[in-house]
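Structure record follows, encoded as structure tokens.
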Amino acid sequence: MTKQDILKQYFGYDDFRNGQEELINGILQGKDVLGIMPTGAGKSICFQIPAAMFLGLTIVISPLISLMKDQVNALTQSGISAALINSTLSEQEMFFTLQEARNNAYKLIYVAPERLLNSNFLNFAQSVNISMVTVDEAHCISQWGHDFRPSYSQITMFIEQLYERPVISAFTATATPQVREDIVSLLGLKNPVRVVTGFDRPNLFLVYKNTVIKNINLMRY
């Protein structure tokens, strides 16, 4: 299937939004990418479509349990196999999920950054074919970011311990030029394709109304 077929069949869209196709093409060409796109602009499609096309597994690093659940549920309902690894799972559930992943049951595994260097997860990652590592909310790796997460510093160490370096893709909604350079440097992105779509949301607007409120005297005489 082509990327256009997957966009239509699994996500229900006929056309790509601004910046999406450039990032997807970069990933499919084996290049690292950095996407700075506002919330609601479709960042997740930029890595989910290549993940569906790759032969190997895509590991998505996300700091938010609720976001993991939402994306895994949406992917599963659309027909793309995905699972998550975080603190909500019991040890038995985690073991079962990783075993299923070894048997190629999933195209994407969402994982919290704190789990990356866990011996069980690292052994798993070294035993499977990983096509891509995606870093969501990538600004969290920078101390200049608005939501710095020290656990994000484990990502580079995790990638370095893989037997083969996969494609690295990084996405966030907001990042200053300094934070963007931090993301590229700290994640070790190699000459990445960079797409910054800006923060304008044409489907959102603000309306200001100058309303005169009459003074109503509620006192009883």
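Each chain in the structure tokens gets a letter, A, B, ..., in the order shown, and its residues are numbered from 1; ligands are numbered from 1 in order too.
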Go through chain A and collect every residue that DSSP, computed from the backbone, puts in alpha helix (DSSP H); the answer should be as JSON, numbers by chain. {"A": [3, 4, 5, 6, 7, 8, 9, 10, 11, 20, 21, 22, 23, 24, 25, 26, 27, 28, 43, 44, 45, 46, 47, 48, 49, 50, 51, 52, 53, 65, 66, 67, 68, 69, 70, 71, 72, 73, 74, 75, 76, 77, 78, 91, 92, 93, 94, 95, 96, 97, 98, 99, 100, 101, 102, 119, 120, 121, 122, 123, 124, 125, 154, 155, 156, 157, 158, 159, 160, 177, 178, 179, 180, 181, 182, 183, 184, 185, 186, 187]}
At a cut-off of 12 Å, using only C-alpha atoms, what residues contact A:Gln9? Leave out same-chain residues fewer than 4 positions from it and give the result as a VMD selection string. chain A and resid 1 to 5 13 to 15 49 52 75 78 to 80
Closest to A:Leu186 among A:Lys43, A:Arg115, A:His139, A:His146, using only C-alpha atoms?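 Residue with the minimum atom-to-atom distance to A:Leu186: A:His139.
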Apply DSSP to the backbone of this structure and, from stretch 85-124 of chain A, keep only the residues in strand (DSSP E or B); write these as a list in words. Ile85, Leu108, Ile109, Tyr110 and Val111 of chain A
Would you save the residues of that selection, restricted to all heavy atoms, as a PDB file, in the first residue's frame?
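Result file is out_27.pdb:
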ATOM      1  N   ILE A  85       3.489   0.330  26.726  1.00  0.00           N
ATOM      2  CA  ILE A  85       4.230  -0.161  27.886  1.00  0.00           C
ATOM      3  C   ILE A  85       4.393   1.011  28.849  1.00  0.00           C
ATOM      4  O   ILE A  85       5.101   1.979  28.559  1.00  0.00           O
ATOM      5  CB  ILE A  85       5.633  -0.685  27.487  1.00  0.00           C
ATOM      6  CG1 ILE A  85       5.533  -1.861  26.523  1.00  0.00           C
ATOM      7  CG2 ILE A  85       6.438  -1.056  28.723  1.00  0.00           C
ATOM      8  CD1 ILE A  85       5.004  -3.130  27.143  1.00  0.00           C
ATOM      9  N   LEU A 108       3.424  -0.696  16.139  1.00  0.00           N
ATOM     10  CA  LEU A 108       3.922   0.370  17.018  1.00  0.00           C
ATOM     11  C   LEU A 108       3.809  -0.051  18.470  1.00  0.00           C
ATOM     12  O   LEU A 108       2.804  -0.643  18.879  1.00  0.00           O
ATOM     13  CB  LEU A 108       3.138   1.678  16.837  1.00  0.00           C
ATOM     14  CG  LEU A 108       3.096   2.323  15.460  1.00  0.00           C
ATOM     15  CD1 LEU A 108       1.806   1.916  14.732  1.00  0.00           C
ATOM     16  CD2 LEU A 108       3.152   3.853  15.561  1.00  0.00           C
ATOM     17  N   ILE A 109       4.835   0.279  19.245  1.00  0.00           N
ATOM     18  CA  ILE A 109       4.814   0.124  20.698  1.00  0.00           C
ATOM     19  C   ILE A 109       5.066   1.497  21.310  1.00  0.00           C
ATOM     20  O   ILE A 109       6.091   2.134  21.047  1.00  0.00           O
ATOM     21  CB  ILE A 109       5.905  -0.850  21.193  1.00  0.00           C
ATOM     22  CG1 ILE A 109       5.607  -2.272  20.764  1.00  0.00           C
ATOM     23  CG2 ILE A 109       6.055  -0.762  22.712  1.00  0.00           C
ATOM     24  CD1 ILE A 109       4.593  -2.994  21.626  1.00  0.00           C
ATOM     25  N   TYR A 110       4.118   1.970  22.116  1.00  0.00           N
ATOM     26  CA  TYR A 110       4.281   3.233  22.837  1.00  0.00           C
ATOM     27  C   TYR A 110       4.897   2.931  24.197  1.00  0.00           C
ATOM     28  O   TYR A 110       4.441   2.017  24.900  1.00  0.00           O
ATOM     29  CB  TYR A 110       2.932   3.924  23.016  1.00  0.00           C
ATOM     30  CG  TYR A 110       2.422   4.601  21.769  1.00  0.00           C
ATOM     31  CD1 TYR A 110       1.936   3.853  20.695  1.00  0.00           C
ATOM     32  CD2 TYR A 110       2.416   5.992  21.652  1.00  0.00           C
ATOM     33  CE1 TYR A 110       1.467   4.473  19.543  1.00  0.00           C
ATOM     34  CE2 TYR A 110       1.939   6.621  20.507  1.00  0.00           C
ATOM     35  CZ  TYR A 110       1.474   5.849  19.460  1.00  0.00           C
ATOM     36  OH  TYR A 110       1.014   6.463  18.317  1.00  0.00           O
ATOM     37  N   VAL A 111       5.906   3.709  24.570  1.00  0.00           N
ATOM     38  CA  VAL A 111       6.605   3.425  25.824  1.00  0.00           C
ATOM     39  C   VAL A 111       6.961   4.729  26.523  1.00  0.00           C
ATOM     40  O   VAL A 111       7.284   5.734  25.882  1.00  0.00           O
ATOM     41  CB  VAL A 111       7.877   2.578  25.558  1.00  0.00           C
ATOM     42  CG1 VAL A 111       8.858   3.329  24.651  1.00  0.00           C
ATOM     43  CG2 VAL A 111       8.558   2.174  26.855  1.00  0.00           C
TER      44      VAL A 111
END
Could you pull the residues within 12 Å of A:Asn129, counting only C-alpha atoms, minus those fewer than 5 positions along the same chain, as a PyMOL selection string? chain A and resi 54-59+101-104+106-108+124+162-167
Looking at A:Val179, A:Ala173, A:Leu189, A:Ile155, which one is nearest to A:Thr39, with distances taken over only C-alpha atoms? A:Ala173
Can you pull out every residue within 8 Å of A:Thr174, counting only C-alpha atoms, but drop anything in the same chain fewer than 5 positions away, and send it as a PyMOL selection string? chain A and resi 36-38+139
Within 12 Å of A:Trp144, counting only C-alpha atoms, which residues show up once you throw out same-chain ones fewer than 5 positions away? Write them as a list of chain:residue names, please.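 After dropping sequence-adjacent residues, the list is A:Ala138, A:His139, A:Arg149, A:Thr174, A:Ala175, A:Thr176, A:Pro177, A:Gln178, A:Val179, A:Arg180, A:Glu181, A:Asp182, A:Ile183.
The gap separating atom CA of A:Thr134 from atom CA of A:Val193 is 14.0 Å, in Å to one decimal.
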Which residues are near A:Val33? Cut-off 8 Å, only C-alpha atoms, ignore same chain within fewer than 4 positions. Put them as JSON, numbers by chain. {"A": [23, 26, 27, 168, 169, 170, 189, 192, 193, 194]}
For all heavy atoms, I'd like the residues from the last selection saved as a CSV table (one decimal), in the first residue's frame.
chain,number,residue,atom,x,y,z
A,23,LEU,N,7.5,15.3,5.8
A,23,LEU,CA,8.1,14.5,6.9
A,23,LEU,C,8.0,13.0,6.6
A,23,LEU,O,8.9,12.2,6.9
A,23,LEU,CB,7.4,14.9,8.2
A,23,LEU,CG,7.7,16.3,8.7
A,23,LEU,CD1,6.7,16.7,9.8
A,23,LEU,CD2,9.1,16.3,9.3
A,26,GLY,N,10.6,12.0,4.1
A,26,GLY,CA,11.9,11.9,4.7
A,26,GLY,C,12.1,10.6,5.5
A,26,GLY,O,13.1,10.0,5.3
A,27,ILE,N,11.1,10.2,6.3
A,27,ILE,CA,11.2,9.0,7.0
A,27,ILE,C,11.3,7.8,6.1
A,27,ILE,O,12.2,6.9,6.3
A,27,ILE,CB,10.0,8.9,8.0
A,27,ILE,CG1,10.1,9.9,9.1
A,27,ILE,CG2,10.0,7.5,8.6
A,27,ILE,CD1,8.8,10.0,9.9
A,168,ILE,N,15.3,8.0,13.3
A,168,ILE,CA,14.9,8.8,14.5
A,168,ILE,C,14.0,9.9,14.0
A,168,ILE,O,14.4,10.7,13.2
A,168,ILE,CB,16.1,9.3,15.3
A,168,ILE,CG1,17.1,8.3,15.5
A,168,ILE,CG2,15.6,9.9,16.6
A,168,ILE,CD1,16.7,7.1,16.3
A,169,SER,N,12.8,10.0,14.5
A,169,SER,CA,11.9,11.1,14.2
A,169,SER,C,11.5,11.7,15.5
A,169,SER,O,11.2,11.1,16.5
A,169,SER,CB,10.7,10.6,13.4
A,169,SER,OG,9.9,9.6,14.1
A,170,ALA,N,11.4,13.1,15.5
A,170,ALA,CA,11.1,13.8,16.7
A,170,ALA,C,10.0,14.9,16.3
A,170,ALA,O,10.1,15.5,15.3
A,170,ALA,CB,12.3,14.5,17.2
A,189,LEU,N,20.3,13.6,16.0
A,189,LEU,CA,19.7,13.6,14.7
A,189,LEU,C,20.7,13.9,13.6
A,189,LEU,O,21.5,14.8,13.8
A,189,LEU,CB,18.5,14.5,14.6
A,189,LEU,CG,17.3,14.4,15.6
A,189,LEU,CD1,16.2,15.3,15.3
A,189,LEU,CD2,16.8,12.9,15.6
A,192,PRO,N,18.8,16.1,9.8
A,192,PRO,CA,17.4,15.8,9.7
A,192,PRO,C,16.6,16.7,8.8
A,192,PRO,O,16.9,17.9,8.5
A,192,PRO,CB,16.9,16.0,11.2
A,192,PRO,CG,17.8,17.1,11.7
A,192,PRO,CD,19.1,16.8,11.1
A,193,VAL,N,15.5,16.1,8.2
A,193,VAL,CA,14.5,16.9,7.5
A,193,VAL,C,13.8,17.7,8.5
A,193,VAL,O,13.2,17.2,9.5
A,193,VAL,CB,13.6,16.0,6.7
A,193,VAL,CG1,12.5,16.9,6.1
A,193,VAL,CG2,14.3,15.2,5.6
A,194,ARG,N,13.7,19.0,8.4
A,194,ARG,CA,13.1,19.9,9.4
A,194,ARG,C,11.8,20.5,8.8
A,194,ARG,O,11.9,21.1,7.7
A,194,ARG,CB,14.0,21.0,9.9
A,194,ARG,CG,15.3,20.5,10.5
A,194,ARG,CD,16.1,21.6,11.1
A,194,ARG,NE,17.4,21.2,11.5
A,194,ARG,CZ,18.1,21.8,12.5
A,194,ARG,NH1,17.5,22.8,13.2
A,194,ARG,NH2,19.3,21.4,12.8
If we count only C-alpha atoms, what is near A:Asn18 at a cut-off of 9 Å, once residues fewer than 4 positions away on the same chain are taken out, given as a PyMOL selection string? chain A and resi 22+41+197
